[in-house]
$ cat start22.cif   # mmCIF, C-alpha atoms and all ligand atoms
data_protein
loop_
_atom_site.group_PDB
_atom_site.id
_atom_site.type_symbol
_atom_site.label_atom_id
_atom_site.label_comp_id
_atom_site.auth_asym_id
_atom_site.auth_seq_id
_atom_site.Cartn_x
_atom_site.Cartn_y
_atom_site.Cartn_z
ATOM 1 C CA MET Z 19 1.051 7.774 -48.522
ATOM 2 C CA LYS Z 20 -1.613 10.261 -47.438
ATOM 3 C CA VAL Z 21 -2.233 8.981 -43.912
ATOM 4 C CA ILE Z 22 1.400 8.676 -42.768
ATOM 5 C CA HIS Z 23 1.700 9.620 -39.077
ATOM 6 C CA ASP Z 24 1.676 13.383 -38.691
ATOM 7 C CA LYS Z 25 2.911 15.999 -36.215
ATOM 8 C CA ASN Z 26 0.211 14.900 -33.749
ATOM 9 C CA HIS Z 27 1.301 11.272 -34.049
ATOM 10 C CA ARG Z 28 -1.908 10.196 -35.743
ATOM 11 C CA GLY Z 29 -2.133 7.870 -38.694
ATOM 12 C CA TYR Z 30 0.054 5.167 -40.205
ATOM 13 C CA THR Z 31 3.427 4.043 -38.838
ATOM 14 C CA PRO Z 32 5.435 1.780 -41.169
ATOM 15 C CA PHE Z 33 7.149 -1.528 -40.333
ATOM 16 C CA GLU Z 34 10.219 -1.065 -38.085
ATOM 17 C CA GLU Z 35 9.398 2.606 -37.360
ATOM 18 C CA GLU Z 36 8.973 1.776 -33.659
ATOM 19 C CA VAL Z 37 11.728 0.239 -31.542
ATOM 20 C CA LEU Z 38 10.269 -0.579 -28.155
ATOM 21 C CA ASP Z 39 13.443 -1.991 -26.598
ATOM 22 C CA PRO Z 40 16.214 0.007 -28.296
ATOM 23 C CA ASP Z 41 19.014 -1.338 -26.057
ATOM 24 C CA VAL Z 42 18.349 -4.902 -27.204
ATOM 25 C CA GLN Z 43 16.819 -4.725 -30.682
ATOM 26 C CA SER Z 44 18.974 -4.845 -33.824
ATOM 27 C CA LYS Z 45 16.082 -3.479 -35.903
ATOM 28 C CA GLY Z 46 12.608 -2.025 -35.392
ATOM 29 C CA ASP Z 47 9.503 -3.991 -34.418
ATOM 30 C CA SER Z 48 8.198 -6.175 -37.255
ATOM 31 C CA LYS Z 49 4.820 -4.466 -37.193
ATOM 32 C CA GLU Z 50 3.026 -1.590 -38.872
ATOM 33 C CA GLY Z 51 0.343 0.414 -37.107
ATOM 34 C CA TYR Z 52 -2.286 3.106 -37.231
ATOM 35 C CA TYR Z 53 -2.797 5.633 -34.414
ATOM 36 C CA ILE Z 54 -6.249 7.079 -33.644
ATOM 37 C CA GLY Z 55 -6.574 9.373 -30.635
ATOM 38 C CA VAL Z 56 -9.035 11.873 -29.219
ATOM 39 C CA SER Z 57 -10.024 14.223 -32.008
ATOM 40 C CA VAL Z 58 -9.018 17.804 -31.121
ATOM 41 C CA PRO Z 59 -9.884 20.437 -33.770
ATOM 42 C CA GLU Z 60 -6.931 22.516 -35.049
ATOM 43 C CA ASN Z 61 -8.522 25.721 -33.673
ATOM 44 C CA ASP Z 62 -8.862 24.278 -30.139
ATOM 45 C CA PRO Z 63 -6.166 25.664 -27.765
ATOM 46 C CA ARG Z 64 -5.323 22.068 -26.757
ATOM 47 C CA ALA Z 65 -4.156 21.401 -30.313
ATOM 48 C CA LYS Z 66 -0.961 23.313 -29.450
ATOM 49 C CA LYS Z 67 0.099 20.514 -27.082
ATOM 50 C CA PRO Z 68 2.180 17.618 -28.349
ATOM 51 C CA LEU Z 69 0.113 14.558 -29.296
ATOM 52 C CA HIS Z 70 -3.121 16.606 -29.592
ATOM 53 C CA GLY Z 71 -4.959 17.324 -32.830
ATOM 54 C CA PRO Z 72 -7.357 15.895 -35.360
ATOM 55 C CA ASN Z 73 -7.184 12.281 -36.467
ATOM 56 C CA GLN Z 74 -6.278 11.224 -39.960
ATOM 57 C CA TYR Z 75 -8.513 8.887 -41.884
ATOM 58 C CA PRO Z 76 -8.290 7.312 -45.303
ATOM 59 C CA SER Z 77 -10.852 8.675 -47.746
ATOM 60 C CA PRO Z 78 -14.364 7.218 -47.280
ATOM 61 C CA ASP Z 79 -14.198 6.246 -50.961
ATOM 62 C CA VAL Z 80 -11.417 3.831 -50.031
ATOM 63 C CA LEU Z 81 -12.842 2.641 -46.698
ATOM 64 C CA PRO Z 82 -16.529 3.569 -46.414
ATOM 65 C CA GLY Z 83 -17.774 3.801 -42.800
ATOM 66 C CA TRP Z 84 -14.323 3.157 -41.319
ATOM 67 C CA GLN Z 85 -14.010 6.527 -39.561
ATOM 68 C CA GLU Z 86 -17.460 6.120 -37.966
ATOM 69 C CA THR Z 87 -16.667 2.575 -36.801
ATOM 70 C CA MET Z 88 -13.325 3.591 -35.307
ATOM 71 C CA THR Z 89 -14.773 6.684 -33.605
ATOM 72 C CA ARG Z 90 -17.545 4.625 -32.029
ATOM 73 C CA TYR Z 91 -15.144 1.894 -30.874
ATOM 74 C CA HIS Z 92 -12.816 4.530 -29.379
ATOM 75 C CA SER Z 93 -15.706 6.120 -27.414
ATOM 76 C CA GLU Z 94 -16.934 2.756 -26.120
ATOM 77 C CA LEU Z 95 -13.428 1.909 -24.900
ATOM 78 C CA VAL Z 96 -13.117 5.200 -23.027
ATOM 79 C CA ILE Z 97 -16.305 4.257 -21.151
ATOM 80 C CA LEU Z 98 -14.983 0.761 -20.417
ATOM 81 C CA CYS Z 99 -11.585 2.037 -19.233
ATOM 82 C CA LYS Z 100 -13.322 4.477 -16.880
ATOM 83 C CA LYS Z 101 -15.232 1.537 -15.397
ATOM 84 C CA VAL Z 102 -12.014 -0.422 -14.891
ATOM 85 C CA SER Z 103 -10.324 2.667 -13.407
ATOM 86 C CA ARG Z 104 -13.051 2.784 -10.736
ATOM 87 C CA LEU Z 105 -12.144 -0.746 -9.671
ATOM 88 C CA LEU Z 106 -8.479 0.237 -9.544
ATOM 89 C CA ALA Z 107 -9.348 3.258 -7.378
ATOM 90 C CA LEU Z 108 -11.285 1.091 -4.922
ATOM 91 C CA ALA Z 109 -8.398 -1.384 -4.770
ATOM 92 C CA LEU Z 110 -6.111 1.505 -3.812
ATOM 93 C CA ASN Z 111 -8.433 2.645 -0.986
ATOM 94 C CA LEU Z 112 -9.367 5.750 -2.947
ATOM 95 C CA GLU Z 113 -12.817 7.033 -3.641
ATOM 96 C CA GLU Z 114 -14.295 5.224 -6.606
ATOM 97 C CA SER Z 115 -14.279 8.317 -8.822
ATOM 98 C CA PHE Z 116 -10.632 9.223 -8.120
ATOM 99 C CA PHE Z 117 -9.356 8.634 -11.671
ATOM 100 C CA ASP Z 118 -12.502 10.225 -13.155
ATOM 101 C CA LYS Z 119 -11.930 13.555 -11.468
ATOM 102 C CA PRO Z 120 -11.348 16.731 -13.497
ATOM 103 C CA GLY Z 121 -7.670 17.003 -14.313
ATOM 104 C CA ILE Z 122 -7.064 13.248 -14.282
ATOM 105 C CA THR Z 123 -8.913 11.445 -17.073
ATOM 106 C CA ASP Z 124 -11.656 13.903 -18.081
ATOM 107 C CA ASP Z 125 -9.442 14.790 -21.068
ATOM 108 C CA ALA Z 126 -7.659 11.422 -21.189
ATOM 109 C CA MET Z 127 -5.071 10.774 -23.870
ATOM 110 C CA ALA Z 128 -6.924 7.734 -25.063
ATOM 111 C CA THR Z 129 -5.308 6.129 -28.080
ATOM 112 C CA LEU Z 130 -6.398 3.277 -30.247
ATOM 113 C CA ARG Z 131 -3.729 1.543 -32.267
ATOM 114 C CA LEU Z 132 -4.331 -0.966 -35.010
ATOM 115 C CA LEU Z 133 -1.355 -3.291 -35.387
ATOM 116 C CA HIS Z 134 -0.353 -5.748 -38.093
ATOM 117 C CA TYR Z 135 2.658 -8.023 -37.654
ATOM 118 C CA SER Z 136 4.512 -9.389 -40.654
ATOM 119 C CA GLU Z 137 5.533 -13.024 -41.063
ATOM 120 C CA GLU Z 138 9.078 -12.229 -39.937
ATOM 121 C CA ILE Z 139 10.123 -14.809 -37.345
ATOM 122 C CA SER Z 140 11.430 -13.238 -34.134
ATOM 123 C CA ASP Z 141 14.933 -14.219 -33.042
ATOM 124 C CA VAL Z 142 15.785 -13.101 -29.524
ATOM 125 C CA GLY Z 143 19.478 -13.962 -30.018
ATOM 126 C CA ARG Z 144 19.677 -11.626 -33.021
ATOM 127 C CA GLY Z 145 17.566 -8.850 -31.495
ATOM 128 C CA ILE Z 146 14.597 -9.369 -33.833
ATOM 129 C CA TYR Z 147 11.188 -8.940 -32.226
ATOM 130 C CA GLY Z 148 7.561 -8.493 -33.232
ATOM 131 C CA THR Z 149 7.434 -5.987 -30.383
ATOM 132 C CA GLY Z 150 10.429 -5.370 -28.142
ATOM 133 C CA ALA Z 151 10.032 -5.751 -24.362
ATOM 134 C CA HIS Z 152 8.368 -2.760 -22.715
ATOM 135 C CA SER Z 153 5.639 -1.733 -20.337
ATOM 136 C CA ASP Z 154 2.862 0.555 -21.518
ATOM 137 C CA TYR Z 155 3.150 4.130 -20.404
ATOM 138 C CA GLY Z 156 -0.154 5.270 -18.961
ATOM 139 C CA LEU Z 157 -2.875 4.130 -16.589
ATOM 140 C CA LEU Z 158 -4.062 0.958 -18.271
ATOM 141 C CA THR Z 159 -4.279 -0.732 -21.674
ATOM 142 C CA LEU Z 160 -7.045 -2.929 -23.038
ATOM 143 C CA LEU Z 161 -5.609 -5.224 -25.673
ATOM 144 C CA ALA Z 162 -7.662 -7.154 -28.215
ATOM 145 C CA THR Z 163 -5.822 -9.750 -30.301
ATOM 146 C CA ASP Z 164 -6.650 -12.201 -33.040
ATOM 147 C CA ASP Z 165 -6.110 -15.927 -32.387
ATOM 148 C CA VAL Z 166 -2.427 -15.981 -33.362
ATOM 149 C CA PRO Z 167 -0.185 -16.417 -30.301
ATOM 150 C CA GLY Z 168 2.873 -14.226 -29.781
ATOM 151 C CA LEU Z 169 2.307 -12.029 -26.725
ATOM 152 C CA GLN Z 170 4.490 -12.836 -23.715
ATOM 153 C CA ILE Z 171 4.676 -11.287 -20.242
ATOM 154 C CA CYS Z 172 7.384 -11.261 -17.616
ATOM 155 C CA LYS Z 173 5.786 -11.251 -14.176
ATOM 156 C CA ASP Z 174 8.928 -10.225 -12.295
ATOM 157 C CA LYS Z 175 10.675 -7.421 -14.190
ATOM 158 C CA ASP Z 176 13.604 -7.416 -11.761
ATOM 159 C CA ALA Z 177 14.382 -11.150 -11.987
ATOM 160 C CA VAL Z 178 17.699 -12.157 -13.554
ATOM 161 C CA PRO Z 179 17.312 -13.896 -15.917
ATOM 162 C CA GLN Z 180 13.838 -12.767 -16.876
ATOM 163 C CA VAL Z 181 11.225 -15.501 -17.263
ATOM 164 C CA TRP Z 182 8.788 -15.049 -20.159
ATOM 165 C CA GLU Z 183 5.349 -16.680 -20.273
ATOM 166 C CA ASP Z 184 2.996 -16.951 -23.249
ATOM 167 C CA VAL Z 185 -0.367 -15.197 -22.976
ATOM 168 C CA PRO Z 186 -2.700 -17.401 -25.024
ATOM 169 C CA PRO Z 187 -5.328 -15.514 -27.043
ATOM 170 C CA MET Z 188 -8.809 -15.759 -25.517
ATOM 171 C CA LYS Z 189 -11.815 -15.175 -27.752
ATOM 172 C CA GLY Z 190 -14.084 -12.344 -26.613
ATOM 173 C CA ALA Z 191 -11.730 -11.140 -23.862
ATOM 174 C CA TYR Z 192 -9.438 -8.171 -23.455
ATOM 175 C CA ILE Z 193 -5.972 -8.497 -22.016
ATOM 176 C CA VAL Z 194 -5.579 -5.774 -19.374
ATOM 177 C CA ASN Z 195 -2.106 -4.342 -18.911
ATOM 178 C CA LEU Z 196 -1.378 -1.846 -16.159
ATOM 179 C CA GLY Z 197 0.810 1.062 -17.172
ATOM 180 C CA ASP Z 198 3.822 2.932 -15.776
ATOM 181 C CA MET Z 199 1.776 5.826 -14.457
ATOM 182 C CA LEU Z 200 -0.325 3.510 -12.305
ATOM 183 C CA GLU Z 201 2.894 1.970 -10.979
ATOM 184 C CA ARG Z 202 4.148 5.441 -10.045
ATOM 185 C CA TRP Z 203 0.835 6.557 -8.538
ATOM 186 C CA SER Z 204 0.617 3.384 -6.440
ATOM 187 C CA ASN Z 205 4.290 3.564 -5.394
ATOM 188 C CA GLY Z 206 4.990 0.206 -7.003
ATOM 189 C CA LEU Z 207 2.066 -1.634 -5.398
ATOM 190 C CA PHE Z 208 0.690 -2.193 -8.898
ATOM 191 C CA ARG Z 209 3.487 -3.006 -11.329
ATOM 192 C CA SER Z 210 3.240 -2.103 -14.984
ATOM 193 C CA THR Z 211 3.287 -5.299 -17.034
ATOM 194 C CA LEU Z 212 6.517 -6.018 -18.924
ATOM 195 C CA HIS Z 213 5.518 -7.594 -22.241
ATOM 196 C CA ARG Z 214 6.758 -8.311 -25.755
ATOM 197 C CA VAL Z 215 5.646 -10.059 -28.942
ATOM 198 C CA ILE Z 216 7.573 -13.000 -30.347
ATOM 199 C CA SER Z 217 6.424 -13.712 -33.879
ATOM 200 C CA ARG Z 218 6.498 -17.300 -35.084
ATOM 201 C CA GLY Z 219 6.155 -16.709 -38.790
ATOM 202 C CA ILE Z 220 2.413 -16.118 -38.974
ATOM 203 C CA GLU Z 221 0.873 -12.709 -39.648
ATOM 204 C CA ARG Z 222 -0.866 -11.324 -36.590
ATOM 205 C CA TYR Z 223 -3.292 -8.488 -35.810
ATOM 206 C CA SER Z 224 -3.863 -6.774 -32.471
ATOM 207 C CA ILE Z 225 -5.599 -3.621 -31.244
ATOM 208 C CA PRO Z 226 -4.265 -2.036 -28.049
ATOM 209 C CA PHE Z 227 -6.183 0.842 -26.485
ATOM 210 C CA PHE Z 228 -3.968 3.003 -24.292
ATOM 211 C CA PHE Z 229 -5.843 4.892 -21.594
ATOM 212 C CA ASP Z 230 -3.486 7.622 -20.445
ATOM 213 C CA PRO Z 231 -4.235 10.534 -18.089
ATOM 214 C CA ASN Z 232 -4.715 14.149 -19.250
ATOM 215 C CA PHE Z 233 -1.551 15.688 -20.713
ATOM 216 C CA ASP Z 234 -1.109 18.066 -17.740
ATOM 217 C CA CYS Z 235 -2.052 15.583 -15.008
ATOM 218 C CA TRP Z 236 0.598 15.221 -12.293
ATOM 219 C CA VAL Z 237 1.315 11.630 -11.408
ATOM 220 C CA GLU Z 238 2.703 11.418 -7.912
ATOM 221 C CA CYS Z 239 2.556 8.915 -5.088
ATOM 222 C CA LEU Z 240 -0.976 8.556 -3.716
ATOM 223 C CA PRO Z 241 -1.349 9.269 -0.004
ATOM 224 C CA THR Z 242 -2.884 5.803 0.441
ATOM 225 C CA CYS Z 243 0.265 4.186 -0.984
ATOM 226 C CA CYS Z 244 3.025 5.675 1.157
ATOM 227 C CA SER Z 245 3.912 6.028 4.807
ATOM 228 C CA GLU Z 246 6.949 6.837 6.914
ATOM 229 C CA ASP Z 247 8.191 3.274 6.387
ATOM 230 C CA ASN Z 248 7.289 3.309 2.707
ATOM 231 C CA PRO Z 249 8.280 6.680 1.258
ATOM 232 C CA PRO Z 250 7.587 7.602 -2.383
ATOM 233 C CA LYS Z 251 9.877 5.688 -4.751
ATOM 234 C CA TYR Z 252 9.334 7.795 -7.865
ATOM 235 C CA GLN Z 253 9.671 11.475 -8.706
ATOM 236 C CA PRO Z 254 6.381 13.168 -9.624
ATOM 237 C CA LEU Z 255 5.953 13.805 -13.341
ATOM 238 C CA THR Z 256 3.234 14.870 -15.722
ATOM 239 C CA SER Z 257 1.509 12.419 -17.980
ATOM 240 C CA GLY Z 258 2.451 14.453 -21.067
ATOM 241 C CA GLU Z 259 6.122 14.598 -20.096
ATOM 242 C CA HIS Z 260 6.288 10.821 -19.645
ATOM 243 C CA LEU Z 261 4.484 10.091 -22.905
ATOM 244 C CA VAL Z 262 6.520 12.525 -24.983
ATOM 245 C CA ASN Z 263 9.774 11.127 -23.568
ATOM 246 C CA LYS Z 264 8.716 7.569 -24.290
ATOM 247 C CA TYR Z 265 7.580 8.372 -27.833
ATOM 248 C CA LYS Z 266 10.873 10.170 -28.461
ATOM 249 C CA GLN Z 267 12.830 7.125 -27.314
ATOM 250 C CA THR Z 268 10.865 4.592 -29.326
ATOM 251 C CA HIS Z 269 9.476 6.191 -32.505
ATOM 252 C CA LYS Z 270 11.990 7.119 -35.191
ATOM 253 C CA GLY Z 271 9.494 9.515 -36.794
ATOM 254 C CA PHE Z 272 8.233 11.268 -33.658
ATOM 255 C CA VAL Z 273 8.956 14.962 -33.310
ATOM 256 C CA SER Z 274 7.753 16.554 -30.059
ATOM 257 C CA ASP Z 275 8.170 20.129 -31.318
ATOM 258 C CA LYS Z 276 5.125 20.612 -33.504
ATOM 259 C CA LYS Z 277 6.463 23.749 -35.172
ATOM 260 C CA ALA Z 278 9.571 21.874 -36.254
ATOM 261 C CA ALA Z 279 7.355 19.038 -37.452
ATOM 262 C CA ASN Z 280 5.375 21.471 -39.592
ATOM 263 C CA GLU Z 281 8.546 22.664 -41.247
ATOM 264 C CA ASN Z 282 9.864 19.162 -41.700
ATOM 265 C CA PRO Z 283 6.961 16.776 -42.210
ATOM 266 C CA PHE Z 284 7.617 13.035 -42.115
ATOM 267 C CA GLU Z 285 7.932 12.732 -45.830
ATOM 268 C CA GLY Z 286 8.860 9.377 -47.264
ATOM 269 C CA GLN Z 287 8.583 7.452 -43.996
HETATM 270 O O1 LIG R 301 0.453 -6.847 -30.211
HETATM 271 C C1 LIG R 301 0.372 -7.066 -29.011
HETATM 272 O O2 LIG R 301 -0.193 -8.073 -28.563
HETATM 273 C C2 LIG R 301 1.007 -6.108 -28.025
HETATM 274 C C3 LIG R 301 1.286 -4.732 -28.562
HETATM 275 C C4 LIG R 301 1.880 -3.834 -27.532
HETATM 276 O O3 LIG R 301 2.348 -4.264 -26.522
HETATM 277 C C5 LIG R 301 1.891 -2.377 -27.711
HETATM 278 O O4 LIG R 301 1.626 -1.892 -28.826
HETATM 279 O O5 LIG R 301 2.175 -1.650 -26.730
HETATM 280 FE FE FE R 302 2.485 -2.736 -25.033
#
$ encode --input "start22.cif" --output "structure tokens"
Amino acid sequence: MKVIHDKNHRGYTPFEEEVLDPDVQSKGDSKEGYYIGVSVPENDPRAKKPLHGPNQYPSPDVLPGWQETMTRYHSELVILCKKVSRLLALALNLEESFFDKPGITDDAMATLRLLHYSEEISDVGRGIYGTGAHSDYGLLTLLATDDVPGLQICKDKDAVPQVWEDVPPMKGAYIVNLGDMLERWSNGLFRSTLHRVISRGIERYSIPFFFDPNFDCWVECLPTCCSEDNPPKYQPLTSGEHLVNKYKQTHKGFVSDKKAANENPFEGQ
């Protein structure tokens, strides 16, 4: 297949290529997907960084206008996520533009993913999931779904046993999930949403949009979220480091070393 996911992690990922909860799942997620990120030309110095590069698109003869539609949708979602990030900043007693500042989301790793779930019925007892339990990695995710149920959230990640609640599809609305980096920035005041997909035997489509900070952005406890009585709970890390680690843990075909990926492309996956 010509648009199989490449060294920049753009393009098609086959069924079961991703395993979002590897400790629990007996096989990969019963979904296939297509990654579209920020388009970085090969001759741009940023293209040397993991996860940066041009997008892959099927030929316009096969899907006329698709690239234009996806590019436009991606740009509109960046604008919308920036608006939501201003509300998050205000809620954290920061200046409204905090997350918009240079170095934070001016070169955001904003990724659209088109997902298609098969008819395989999930079976928690046997470790079979549409999407294994996880929280998203970045600042926030806007999730559009069709009208097939399946998404579940767990409001208290630390509860034993965990309690899972259905999130019913709502026409015309996005589901907003907060990500791990916002949890770290806010010292746990905002929790990243633990979620999973339980498939009930009906095909399902969803489109998450992951709005993740610049690759080199340091994510460390905000001054407004810690005090002497409430010291930072998490080690600082960079956005890129967190994303690369997560992709390594969950994508069978992900190679973080681009040179190695060039020598050993993901043939046959
Ligand atoms: O398909 C869904 O509703 C959720 C997908 C998801 O959680 C993800 O891709 O991170
Ligand atoms: Fe997710």
$ residues_near_ligand --input "start22.cif" --ligand "ligand LIG 301 (chain R)" --cutoff "9 Å" --atoms "only C-alpha atoms and all ligand atoms" --output "mmCIF file with C-alpha atoms, in the coordinates of the input"
data_model
loop_
_atom_site.group_PDB
_atom_site.id
_atom_site.type_symbol
_atom_site.label_atom_id
_atom_site.label_comp_id
_atom_site.auth_asym_id
_atom_site.auth_seq_id
_atom_site.Cartn_x
_atom_site.Cartn_y
_atom_site.Cartn_z
ATOM 1 C CA LEU Z 38 10.269 -0.579 -28.155
ATOM 2 C CA LYS Z 49 4.820 -4.466 -37.193
ATOM 3 C CA GLY Z 51 0.343 0.414 -37.107
ATOM 4 C CA ARG Z 131 -3.729 1.543 -32.267
ATOM 5 C CA LEU Z 132 -4.331 -0.966 -35.010
ATOM 6 C CA LEU Z 133 -1.355 -3.291 -35.387
ATOM 7 C CA HIS Z 134 -0.353 -5.748 -38.093
ATOM 8 C CA TYR Z 135 2.658 -8.023 -37.654
ATOM 9 C CA GLY Z 148 7.561 -8.493 -33.232
ATOM 10 C CA THR Z 149 7.434 -5.987 -30.383
ATOM 11 C CA GLY Z 150 10.429 -5.370 -28.142
ATOM 12 C CA ALA Z 151 10.032 -5.751 -24.362
ATOM 13 C CA HIS Z 152 8.368 -2.760 -22.715
ATOM 14 C CA SER Z 153 5.639 -1.733 -20.337
ATOM 15 C CA ASP Z 154 2.862 0.555 -21.518
ATOM 16 C CA TYR Z 155 3.150 4.130 -20.404
ATOM 17 C CA THR Z 159 -4.279 -0.732 -21.674
ATOM 18 C CA LEU Z 161 -5.609 -5.224 -25.673
ATOM 19 C CA ALA Z 162 -7.662 -7.154 -28.215
ATOM 20 C CA THR Z 163 -5.822 -9.750 -30.301
ATOM 21 C CA ASP Z 164 -6.650 -12.201 -33.040
ATOM 22 C CA PRO Z 167 -0.185 -16.417 -30.301
ATOM 23 C CA GLY Z 168 2.873 -14.226 -29.781
ATOM 24 C CA LEU Z 169 2.307 -12.029 -26.725
ATOM 25 C CA GLN Z 170 4.490 -12.836 -23.715
ATOM 26 C CA ILE Z 193 -5.972 -8.497 -22.016
ATOM 27 C CA ASN Z 195 -2.106 -4.342 -18.911
ATOM 28 C CA LEU Z 212 6.517 -6.018 -18.924
ATOM 29 C CA HIS Z 213 5.518 -7.594 -22.241
ATOM 30 C CA ARG Z 214 6.758 -8.311 -25.755
ATOM 31 C CA VAL Z 215 5.646 -10.059 -28.942
ATOM 32 C CA ARG Z 222 -0.866 -11.324 -36.590
ATOM 33 C CA TYR Z 223 -3.292 -8.488 -35.810
ATOM 34 C CA SER Z 224 -3.863 -6.774 -32.471
ATOM 35 C CA ILE Z 225 -5.599 -3.621 -31.244
ATOM 36 C CA PRO Z 226 -4.265 -2.036 -28.049
ATOM 37 C CA PHE Z 227 -6.183 0.842 -26.485
ATOM 38 C CA PHE Z 228 -3.968 3.003 -24.292
#
$ resolve_selection --input "start22.cif" --expression "the PyMOL selection byres (((chain Z and resi 142-146) around 8) and not hetatm)" --output "PyMOL selection string"
chain Z and resi 42-48+139-141+147-148
$ residues_near_point --input "start22.cif" --point "(9.2, -12.0, -20.1)" --cutoff "7 Å" --atoms "only C-alpha atoms" --output "PyMOL selection string"
chain Z and resi 170-173+180-183+212-213
$ closest_residue --input "start22.cif" --among "Z:Ser136, Z:Thr268, Z:Thr87, Z:Thr31" --to "ligand FE 302 (chain R)" --atoms "all atoms listed in the file"
Z:Thr268
$ atom_distance --input "start22.cif" --atom1 "atom CA of Pro59 of chain Z" --atom2 "atom CA of Ala128 of chain Z"
15.7 Å
$ closest_residue --input "start22.cif" --among "Z:Pro76, Z:Asp176, Z:Gly156, Z:Lys119" --to "ligand FE 302 (chain R)" --atoms "only C-alpha atoms and all ligand atoms"
Z:Gly156
